[in-house]
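Q: Got a structure for you, written out below as structure tokens; questions coming shortly.
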Amino acid sequence: SHIIELQNVWKRYETGGEVVEALKDVDFHTDPGEFVSVMGPSGSGKSTMLNVLGLLDTPTEGTVLLDDRDVTDLSDREMTARRKEFIGFIFQSFHLIPTLSALENVEVPTLFGDDPAARERATTLLERVGLGDRLDHRPDQLSGGQKQRVAIARALINEPRILLADEPTGNLDQETGRSVLDLFDEIRREDDVAIVAVTHDPQLSDYTDRTVELVDGRIQ
Ligand code: ADP
Ligand code: ADP
């Protein structure tokens with residue numbers, strides 16, 4: 001069964017009397033262990049789709065199913081709880097906190113959960129992404145690829161079922177990007193996590209099961 005599914009999703013924005021249809025009748029689903037990329041020109045709705053999948057934004061029309069449950073009309077509070085339980089986020093520019101160590105950055109999503117095992121889990125995850133000897137380094141002491149590995153460890157700390165990535169290799173050279181994609185491949189196979197990545201990077205097609213193309217808010 002699908003871990004997340006969009007059914008007939010429309011997203012309209014109204015700004016100053018003008019209506020923009022960012023998503024038009026989008027049907028999409030992904031399964032555990034699958035790696036899907038979303039491509040398309042600028043303004044085609046990729047970020048909007050990622051925000052809807054990430055429960056950061058709700059559709060104007062249509063249905064969002066998470067683990068076969070309709071989450072379209074949940075309260076903000078319930079939405080936040082589902083997001084924390086199910087979804088990890090990875091960004092082009094890493095979004096690490098510059099004053100915190102690698103280890104502390106990985107722990108950030110747990111800080112308000114008062115989880116005594118968090119430090120141990122964060123350490124294990126950093127070892128897994130190859131940064132066991134960089135636990136106390138701050139982001140400015142790490143390379144781009146290392147920063148993205150810290151961000152991946154952070155995204156995994158709450159054991160999500162879905163990873164959503166926005167241009168995950170966009171700030172990395174080709175070889176470093178490839179090593180990050182190798183890590184994605186390992187994660188989806190070993191953890192059975194679904195990965196959805198918005199990208200312009202043609203390298204991703206060496207790794208993904210399929211590519212979805214958005215043009216003007218519609219899946220082609
Ligand atoms: P992409 O990520 O493919 O560049 P977006 O999802 O960011 O596309 O945007 C799709 C369309 O929706 C664009 O026309 C954009 O200007 C519009 N849009 C996105 N977010 C907003 C918003 N918050 N308010 C108004 N229009 C928006
Ligand atoms: P990422 O969000 O993938 O890390 P960037 O931070 O470089 O990538 O932002 C990508 C694009 O999205 C930029 O054009 C930026 O202006 C825009 N952007 C990022 N965050 C926001 C936000 N909170 N609201 C509106 N636009 C944003």
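Residues are referred to by chain and number: the chain letter is A, B, ... according to the order shown in the structure tokens, the number counts from 1 in that chain, and ligands are numbered separately from 1 in the order shown.
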I'd like to know which residues of range 5-216 of chain A are helix (DSSP H, G or I) (by DSSP, run on the backbone); could you write them as an NGL selection string?
A: :A and (46-53 or 76-86 or 102-110 or 118-128 or 139-141 or 144-156 or 174-191 or 202-206)
Q: Which residues sit within 10 Å of ligand 1, counting only C-alpha atoms and all ligand atoms, listed as a ChimeraX atom specification?
A: /A:11-16,18-23,38-52,57,166,198-199,214-217
Q: For the interface of chain A with ligand 2 (cut-off 8 Å, counting only C-alpha atoms and all ligand atoms), please tabulate each contacting residue of chain A alongside its nearest pair of atoms and their separation in Å to one decimal, rows sorted by chain and increasing number, as a tab-separated table.
A:
```
residue	atom	partner	partner_atom_place_in_ligand_line	distance
A:Ile90	CA	ligand 2	3 (O)	7.7
A:Phe91	CA	ligand 2	4 (O)	4.1
A:Gln92	CA	ligand 2	3 (O)	3.8
A:Ser93	CA	ligand 2	4 (O)	3.9
A:Phe94	CA	ligand 2	4 (O)	5.9
A:His95	CA	ligand 2	4 (O)	6.4
A:Ala165	CA	ligand 2	3 (O)	7.8
A:Asp166	CA	ligand 2	3 (O)	4.7
A:Glu167	CA	ligand 2	3 (O)	5.7
A:Pro168	CA	ligand 2	3 (O)	7.3
```
Q: Excluding same-chain residues fewer than 6 positions from Arg154 in chain A, what lies within 7 Å of it counting only C-alpha atoms, as a VMD selection string?
A: chain A and resid 105 to 107
Q: I'd like to know which of A:Ile162, A:Leu142, A:Ile219, A:Leu172 is closest to Pro32 in chain A, using only C-alpha atoms.
A: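 The shortest atom-to-atom distance to Pro32 in chain A comes from A:Ile162.
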Q: Would you pick out the contacts of Ile4 in chain A at 9 Å or less, using only C-alpha atoms, so that residues sharing its chain but fewer than 6 positions from it are not included, and give the list as a list in words?
A: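 Everything that qualifies: Phe28, His29, Thr30, Asp31, Leu53, Val64, Leu65, Leu66, Asp67, Asp68, Ile162 and Ala194 of chain A.
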Q: Generate the output file for the selected residues, N, CA, C and O atoms, as a PDB file, in the first residue's frame.
A:
```pdb
ATOM      1  N   PHE A  28      -0.753  11.480  -7.241  1.00  0.00           N
ATOM      2  CA  PHE A  28       0.620  11.038  -6.997  1.00  0.00           C
ATOM      3  C   PHE A  28       0.614  10.084  -5.809  1.00  0.00           C
ATOM      4  O   PHE A  28      -0.166  10.246  -4.879  1.00  0.00           O
ATOM      5  N   HIS A  29       1.460   9.067  -5.886  1.00  0.00           N
ATOM      6  CA  HIS A  29       1.633   8.229  -4.697  1.00  0.00           C
ATOM      7  C   HIS A  29       3.035   7.676  -4.686  1.00  0.00           C
ATOM      8  O   HIS A  29       3.718   7.627  -5.719  1.00  0.00           O
ATOM      9  N   THR A  30       3.484   7.278  -3.506  1.00  0.00           N
ATOM     10  CA  THR A  30       4.765   6.598  -3.418  1.00  0.00           C
ATOM     11  C   THR A  30       4.688   5.513  -2.348  1.00  0.00           C
ATOM     12  O   THR A  30       3.863   5.588  -1.443  1.00  0.00           O
ATOM     13  N   ASP A  31       5.533   4.513  -2.535  1.00  0.00           N
ATOM     14  CA  ASP A  31       5.513   3.331  -1.677  1.00  0.00           C
ATOM     15  C   ASP A  31       6.791   3.249  -0.836  1.00  0.00           C
ATOM     16  O   ASP A  31       7.819   3.802  -1.226  1.00  0.00           O
ATOM     17  N   LEU A  53       2.971  17.394   0.231  1.00  0.00           N
ATOM     18  CA  LEU A  53       3.408  16.060   0.681  1.00  0.00           C
ATOM     19  C   LEU A  53       3.963  16.113   2.103  1.00  0.00           C
ATOM     20  O   LEU A  53       3.824  15.155   2.869  1.00  0.00           O
ATOM     21  N   VAL A  64      -5.367  14.127   0.698  1.00  0.00           N
ATOM     22  CA  VAL A  64      -4.038  13.630   1.036  1.00  0.00           C
ATOM     23  C   VAL A  64      -4.215  12.432   1.967  1.00  0.00           C
ATOM     24  O   VAL A  64      -4.835  12.554   3.026  1.00  0.00           O
ATOM     25  N   LEU A  65      -3.681  11.279   1.530  1.00  0.00           N
ATOM     26  CA  LEU A  65      -3.727  10.080   2.365  1.00  0.00           C
ATOM     27  C   LEU A  65      -2.319   9.777   2.861  1.00  0.00           C
ATOM     28  O   LEU A  65      -1.382   9.686   2.065  1.00  0.00           O
ATOM     29  N   LEU A  66      -2.177   9.624   4.165  1.00  0.00           N
ATOM     30  CA  LEU A  66      -0.890   9.279   4.753  1.00  0.00           C
ATOM     31  C   LEU A  66      -1.057   7.919   5.412  1.00  0.00           C
ATOM     32  O   LEU A  66      -1.889   7.772   6.322  1.00  0.00           O
ATOM     33  N   ASP A  67      -0.290   6.926   4.932  1.00  0.00           N
ATOM     34  CA  ASP A  67      -0.406   5.575   5.466  1.00  0.00           C
ATOM     35  C   ASP A  67      -1.874   5.118   5.459  1.00  0.00           C
ATOM     36  O   ASP A  67      -2.379   4.574   6.449  1.00  0.00           O
ATOM     37  N   ASP A  68      -2.536   5.412   4.337  1.00  0.00           N
ATOM     38  CA  ASP A  68      -3.938   5.024   4.090  1.00  0.00           C
ATOM     39  C   ASP A  68      -4.975   5.776   4.937  1.00  0.00           C
ATOM     40  O   ASP A  68      -6.151   5.435   4.899  1.00  0.00           O
ATOM     41  N   ILE A 162       9.017   8.668   5.282  1.00  0.00           N
ATOM     42  CA  ILE A 162       9.158   9.411   4.028  1.00  0.00           C
ATOM     43  C   ILE A 162      10.246  10.465   4.213  1.00  0.00           C
ATOM     44  O   ILE A 162      10.255  11.160   5.230  1.00  0.00           O
ATOM     45  N   ALA A 194      10.458   5.872   1.858  1.00  0.00           N
ATOM     46  CA  ALA A 194      10.162   6.446   0.546  1.00  0.00           C
ATOM     47  C   ALA A 194      10.874   7.794   0.441  1.00  0.00           C
ATOM     48  O   ALA A 194      10.818   8.586   1.387  1.00  0.00           O
TER      49      ALA A 194
END
```
Q: By how many Å are CA of Leu125 in chain A and CA of Tyr207 in chain A apart?
A: 21.9 Å
